[in-house]
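K.L.:
My questions all concern the structure below.
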Amino acid sequence: MKPIGTFGTSAYQIQALQLFRGADSLRIAPLLKDCPIVQVEQGEVVSDPQRARLYIVLRGALSVAADMSTGMSDGTISKVLPGESVGEQAVLDEEANQAAITALEQSELLVIESELAWELIDAANGVARNLLRLLSFRIRAANAQMRKRQKLGEFYRQLSMVDGLTGLYNRAWLNDFLPQLVASAQGTGQPLSLIMLDIDHFKKFNDSHGHLQGDEALRAAAQVLTGALRPTDFAVRYGGEEMMVVLPETNVQVAEAVAGRLCQRMRDAIVFSDMRLPLPHITSSFGVAALGPGQDETALIAAADAALYRAKDSGRNRVEVAK
């Protein structure tokens with residue numbers, strides 16, 4: 001930063017600066033007259049990591065990156081234009097400027113040391129009022145930005161829990177929410193059932209028709225599930241060609257009936273590569289289990305999985321219930 005004069009000898013006006021607008025200029029002027037004005041070149045870093053200072057842009061523009069000291073920076077950049085200031089937080093908490101302040105173009109800045117900033121606040125109530133208004137605006141802006149980030153984070157969190165191929169929930173969702181559903185069922189005494197299903201001879205289907213058509217078969221199976229379940233039920237792609245249906249507040253008898261209906265609809269589903277060449281129908285094997293007293297999610301999945309393997313061993317394309 002290159003000193004080029006003082007505020008008292010410059011042509012800049014006090015009332016053009018946001019921090020002093022409406023404040024008592026007669027009280028402020030004597031305090032500001034010896035404050036240095038510095039010139040910074042484009043790309044030059046302005047902040048001093050050793051001292052708390054207030055910088056007011058008189059000409060040009062600065063960019064201010066989010067404070068890196070907290071580890072919470074997300075790359076947000078603010079632009080500071082003529083009349084605006086930066087460094088108020090540093091002055092108030094008497095910490096050095098941690099934000100990365102850089103000149104966007106050749107600029108002239110008024111530099112106010114921390115001690116003088118407090119003298120200005122003591123000298124004119126208008127300075128304190130403007131400072132509070134400025135900090136209030138920045139807090140509101142920061143809160144709005146935080147809410148936006150939270151919504152975006154929730155969107156991506158939800159997106160990360162959906163299988164990209166089928167649109168069903170994935171294992172990440174299951175690992176997160178099934179324990180909650182189990183705990184809720186155990187706490188309220190409501191039933192909870194689980195259906196595991198596996199597309200029959202899926203490897204052979206892939207080998208015969210190709211992986212792209214195998215993907216179509218998986219999508220067709222997923223559509224069968226989503227089209228047949230209640231809004232309160234959950235369909236999950238457990239892995240590969242294996243899928244799962246979670247049925248809250250559903251006993252094993254109803255779950256068996258649901259599995260039977262799904263088994264029939266799976267037989268009726270047609271997989272198309274295009275409208276002219278229908279591929280063979282797909283079938284699936286189903287294992288059904290209901291949550292027992294003291295069971296956790298691992299035991300429930302194991303019971304449904306054992307029933308599924310019995311369905312496979314019994315000829316496939318059928319439903320078995322855990323014993």
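Quick note on naming: the chains in the structure tokens go A, B, ... in the order shown, residues restart at 1 in each chain, and ligands are numbered from 1 in order of appearance.
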If DSSP is run on the backbone, what residues of range 49-298 of chain A are strand (DSSP E)? A reply as a PyMOL selection string would be ideal.

P.N.:
chain A and resi 53-59+62-65+77-80+85-86+101-103+107-113+192-199+234-239+242-248+284-290

K.L.:
Go ahead and write the selection's residues with C-alpha atoms as a short mmCIF file (atom, residue, chain, number, x, y, z; two decimals), in the first residue's frame.

P.N.:
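The resulting file, selection30.cif, is reproduced below:
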data_model
loop_
_atom_site.label_atom_id
_atom_site.label_comp_id
_atom_site.auth_asym_id
_atom_site.auth_seq_id
_atom_site.Cartn_x
_atom_site.Cartn_y
_atom_site.Cartn_z
CA ARG A 53 -8.00 -1.73 10.88
CA LEU A 54 -11.01 -0.22 9.18
CA TYR A 55 -10.69 0.43 5.45
CA ILE A 56 -13.06 2.74 3.54
CA VAL A 57 -13.00 2.65 -0.26
CA LEU A 58 -12.70 6.17 -1.68
CA ARG A 59 -12.06 5.12 -5.28
CA LEU A 62 -12.14 -4.35 -3.17
CA SER A 63 -13.03 -8.04 -3.02
CA VAL A 64 -13.45 -9.63 0.40
CA ALA A 65 -13.27 -13.41 0.78
CA ILE A 77 -16.68 -13.24 -2.24
CA SER A 78 -18.12 -9.80 -1.43
CA LYS A 79 -17.45 -6.62 -3.39
CA VAL A 80 -16.78 -3.33 -1.58
CA SER A 85 -16.11 -0.03 4.37
CA VAL A 86 -14.58 -3.31 5.51
CA ILE A 101 -9.09 -8.31 1.11
CA THR A 102 -7.81 -7.70 -2.40
CA ALA A 103 -7.99 -4.72 -4.76
CA SER A 107 -7.99 1.91 -5.60
CA GLU A 108 -7.66 4.60 -2.96
CA LEU A 109 -8.50 3.68 0.62
CA LEU A 110 -8.97 5.60 3.83
CA VAL A 111 -7.20 3.71 6.63
CA ILE A 112 -8.61 4.07 10.16
CA GLU A 113 -6.77 2.40 13.01
CA LEU A 192 -43.03 -52.92 10.69
CA SER A 193 -42.44 -55.30 7.78
CA LEU A 194 -39.76 -55.72 5.19
CA ILE A 195 -39.83 -57.30 1.73
CA MET A 196 -36.63 -58.24 -0.04
CA LEU A 197 -36.74 -59.17 -3.71
CA ASP A 198 -34.30 -60.28 -6.32
CA ILE A 199 -34.80 -60.30 -10.10
CA PHE A 234 -40.40 -46.98 0.91
CA ALA A 235 -38.72 -48.74 -2.02
CA VAL A 236 -34.95 -49.19 -1.94
CA ARG A 237 -32.35 -50.49 -4.36
CA TYR A 238 -30.36 -52.63 -1.96
CA GLY A 239 -27.63 -53.54 -4.42
CA GLU A 242 -31.71 -56.81 -5.24
CA MET A 243 -34.39 -54.41 -3.99
CA MET A 244 -36.27 -53.85 -0.77
CA VAL A 245 -39.64 -52.54 0.34
CA VAL A 246 -40.10 -51.10 3.82
CA LEU A 247 -43.69 -51.16 5.09
CA PRO A 248 -44.32 -49.14 8.28
CA SER A 284 -38.64 -61.90 -9.06
CA SER A 285 -38.34 -63.86 -5.84
CA PHE A 286 -39.59 -62.31 -2.59
CA GLY A 287 -38.75 -62.73 1.10
CA VAL A 288 -41.01 -61.21 3.76
CA ALA A 289 -40.23 -60.55 7.42
CA ALA A 290 -41.86 -58.59 10.24
#

K.L.:
Quick one: residues within 12 Å of range 162-175 of chain A, only C-alpha atoms counted, chain neighbours fewer than 2 positions away excluded, as a ChimeraX atom specification?

P.N.:
/A:155-160,177-182,194,212,214-227,233-246,297-298,301

K.L.:
With only C-alpha atoms as the basis for distance, which of A:Ile121, A:Ala185, A:Ile4, A:Ile282 is at the shortest distance from Asn251 in chain A?

P.N.:
A:Ala185

K.L.:
Measuring between only C-alpha atoms, which one of A:Gln18, A:Ser184, A:Asn206, A:Ser314 shows the shortest distance to Arg129 in chain A?

P.N.:
A:Gln18

K.L.:
Kindly give the distance, in Å, that separates CA of Arg316 in chain A and CA of Pro191 in chain A, rounded to a single decimal.

P.N.:
27.1 Å

K.L.:
When distances are computed from only C-alpha atoms, which of A:Ala52, A:Leu104, A:Met146, A:Ala183 shows the smallest separation from Ala90 in chain A?

P.N.:
A:Ala52

K.L.:
Give me every helix (DSSP H, G or I) residue in range 161-261 of chain A, going by DSSP on the backbone, as a PyMOL selection string.

P.N.:
chain A and resi 171-188+202-209+211-228+252-261

K.L.:
Keeping only N, CA and C atoms, write those residues as a compact mmCIF listing (two decimals), in the first residue's frame.

P.N.:
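File written: out_11.txt
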# COMPACT_ATOMS: atom_id res chain seq x y z
N ARG A 171 -28.70 -47.48 -0.51
CA ARG A 171 -28.24 -48.03 0.77
C ARG A 171 -27.94 -46.93 1.78
N ALA A 172 -27.47 -45.78 1.31
CA ALA A 172 -27.20 -44.67 2.23
C ALA A 172 -28.49 -44.26 2.94
N TRP A 173 -29.58 -44.18 2.19
CA TRP A 173 -30.88 -43.85 2.81
C TRP A 173 -31.27 -44.94 3.81
N LEU A 174 -31.11 -46.19 3.40
CA LEU A 174 -31.50 -47.31 4.26
C LEU A 174 -30.71 -47.28 5.57
N ASN A 175 -29.41 -47.06 5.45
CA ASN A 175 -28.56 -47.03 6.65
C ASN A 175 -28.95 -45.88 7.59
N ASP A 176 -29.45 -44.82 7.00
CA ASP A 176 -29.83 -43.64 7.79
C ASP A 176 -31.20 -43.79 8.44
N PHE A 177 -32.18 -44.27 7.65
CA PHE A 177 -33.57 -44.19 8.09
C PHE A 177 -34.16 -45.48 8.63
N LEU A 178 -33.67 -46.63 8.18
CA LEU A 178 -34.25 -47.87 8.70
C LEU A 178 -34.07 -47.99 10.21
N PRO A 179 -32.91 -47.65 10.78
CA PRO A 179 -32.80 -47.70 12.25
C PRO A 179 -33.83 -46.80 12.94
N GLN A 180 -34.13 -45.65 12.34
CA GLN A 180 -35.13 -44.75 12.92
C GLN A 180 -36.52 -45.38 12.86
N LEU A 181 -36.84 -46.01 11.73
CA LEU A 181 -38.15 -46.66 11.59
C LEU A 181 -38.28 -47.82 12.57
N VAL A 182 -37.21 -48.57 12.74
CA VAL A 182 -37.22 -49.69 13.68
C VAL A 182 -37.40 -49.19 15.11
N ALA A 183 -36.64 -48.15 15.47
CA ALA A 183 -36.74 -47.60 16.83
C ALA A 183 -38.15 -47.06 17.09
N SER A 184 -38.73 -46.41 16.08
CA SER A 184 -40.09 -45.89 16.23
C SER A 184 -41.09 -47.01 16.43
N ALA A 185 -40.95 -48.08 15.62
CA ALA A 185 -41.87 -49.21 15.73
C ALA A 185 -41.74 -49.90 17.09
N GLN A 186 -40.51 -50.06 17.55
CA GLN A 186 -40.29 -50.70 18.85
C GLN A 186 -40.84 -49.83 19.98
N GLY A 187 -40.72 -48.50 19.80
CA GLY A 187 -41.17 -47.60 20.85
C GLY A 187 -42.69 -47.48 20.93
N THR A 188 -43.36 -47.56 19.79
CA THR A 188 -44.82 -47.38 19.77
C THR A 188 -45.59 -48.69 19.76
N PHE A 202 -30.95 -62.72 -13.25
CA PHE A 202 -30.61 -61.42 -13.84
C PHE A 202 -29.28 -61.47 -14.60
N LYS A 203 -28.32 -62.24 -14.12
CA LYS A 203 -27.04 -62.36 -14.82
C LYS A 203 -27.25 -62.95 -16.21
N LYS A 204 -28.11 -63.96 -16.28
CA LYS A 204 -28.40 -64.58 -17.58
C LYS A 204 -29.09 -63.56 -18.50
N PHE A 205 -30.00 -62.76 -17.93
CA PHE A 205 -30.68 -61.72 -18.71
C PHE A 205 -29.64 -60.74 -19.28
N ASN A 206 -28.71 -60.32 -18.42
CA ASN A 206 -27.65 -59.39 -18.87
C ASN A 206 -26.79 -60.01 -19.95
N ASP A 207 -26.39 -61.28 -19.75
CA ASP A 207 -25.53 -61.94 -20.71
C ASP A 207 -26.23 -62.10 -22.05
N SER A 208 -27.54 -62.33 -22.03
CA SER A 208 -28.29 -62.57 -23.27
C SER A 208 -28.63 -61.28 -24.00
N HIS A 209 -28.95 -60.22 -23.25
CA HIS A 209 -29.49 -59.02 -23.89
C HIS A 209 -28.61 -57.78 -23.72
N HIS A 211 -26.01 -55.19 -21.04
CA HIS A 211 -26.18 -54.44 -19.80
C HIS A 211 -27.15 -53.28 -19.93
N LEU A 212 -27.23 -52.69 -21.12
CA LEU A 212 -28.19 -51.59 -21.30
C LEU A 212 -29.62 -52.09 -21.11
N GLN A 213 -29.90 -53.26 -21.66
CA GLN A 213 -31.23 -53.82 -21.47
C GLN A 213 -31.42 -54.31 -20.03
N GLY A 214 -30.32 -54.73 -19.42
CA GLY A 214 -30.39 -55.07 -18.00
C GLY A 214 -30.79 -53.85 -17.16
N ASP A 215 -30.25 -52.69 -17.54
CA ASP A 215 -30.65 -51.45 -16.84
C ASP A 215 -32.14 -51.18 -17.05
N GLU A 216 -32.63 -51.44 -18.26
CA GLU A 216 -34.06 -51.25 -18.52
C GLU A 216 -34.90 -52.18 -17.66
N ALA A 217 -34.40 -53.40 -17.46
CA ALA A 217 -35.13 -54.35 -16.61
C ALA A 217 -35.18 -53.85 -15.16
N LEU A 218 -34.08 -53.29 -14.69
CA LEU A 218 -34.05 -52.74 -13.33
C LEU A 218 -35.02 -51.57 -13.20
N ARG A 219 -35.05 -50.71 -14.20
CA ARG A 219 -36.00 -49.58 -14.16
C ARG A 219 -37.43 -50.08 -14.17
N ALA A 220 -37.70 -51.11 -14.98
CA ALA A 220 -39.06 -51.66 -15.04
C ALA A 220 -39.46 -52.23 -13.69
N ALA A 221 -38.53 -52.93 -13.02
CA ALA A 221 -38.83 -53.49 -11.70
C ALA A 221 -39.08 -52.37 -10.69
N ALA A 222 -38.29 -51.31 -10.77
CA ALA A 222 -38.47 -50.18 -9.86
C ALA A 222 -39.82 -49.53 -10.07
N GLN A 223 -40.25 -49.41 -11.32
CA GLN A 223 -41.56 -48.82 -11.61
C GLN A 223 -42.69 -49.67 -11.06
N VAL A 224 -42.51 -50.99 -11.08
CA VAL A 224 -43.51 -51.87 -10.48
C VAL A 224 -43.65 -51.54 -9.00
N LEU A 225 -42.53 -51.38 -8.31
CA LEU A 225 -42.57 -51.11 -6.88
C LEU A 225 -43.21 -49.75 -6.58
N THR A 226 -42.73 -48.71 -7.25
CA THR A 226 -43.23 -47.38 -6.95
C THR A 226 -44.70 -47.21 -7.34
N GLY A 227 -45.13 -47.98 -8.34
CA GLY A 227 -46.51 -47.87 -8.78
C GLY A 227 -47.50 -48.64 -7.92
N ALA A 228 -47.00 -49.52 -7.05
CA ALA A 228 -47.89 -50.39 -6.29
C ALA A 228 -47.91 -50.08 -4.79
N VAL A 252 -47.20 -58.85 9.18
CA VAL A 252 -46.62 -59.80 8.23
C VAL A 252 -47.65 -60.34 7.26
N GLN A 253 -48.91 -60.48 7.69
CA GLN A 253 -49.95 -60.98 6.79
C GLN A 253 -50.20 -60.01 5.65
N VAL A 254 -50.31 -58.73 5.99
CA VAL A 254 -50.51 -57.72 4.94
C VAL A 254 -49.28 -57.63 4.05
N ALA A 255 -48.09 -57.70 4.65
CA ALA A 255 -46.86 -57.64 3.88
C ALA A 255 -46.76 -58.80 2.90
N GLU A 256 -47.20 -59.98 3.31
CA GLU A 256 -47.19 -61.14 2.42
C GLU A 256 -48.12 -60.90 1.23
N ALA A 257 -49.29 -60.31 1.51
CA ALA A 257 -50.24 -60.01 0.43
C ALA A 257 -49.64 -58.97 -0.53
N VAL A 258 -48.96 -57.97 0.02
CA VAL A 258 -48.30 -56.96 -0.82
C VAL A 258 -47.24 -57.61 -1.70
N ALA A 259 -46.44 -58.50 -1.10
CA ALA A 259 -45.40 -59.19 -1.87
C ALA A 259 -46.01 -60.03 -2.97
N GLY A 260 -47.13 -60.69 -2.69
CA GLY A 260 -47.80 -61.48 -3.72
C GLY A 260 -48.27 -60.62 -4.87
N ARG A 261 -48.81 -59.44 -4.54
CA ARG A 261 -49.25 -58.52 -5.59
C ARG A 261 -48.08 -58.03 -6.42

K.L.:
Can you work out which one of A:Gln15, A:Gln106, A:Gln190, A:Gln39 has the shortest atom-to-atom distance to Glu84 in chain A, counting only C-alpha atoms?

P.N.:
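Closest candidate: A:Gln15.
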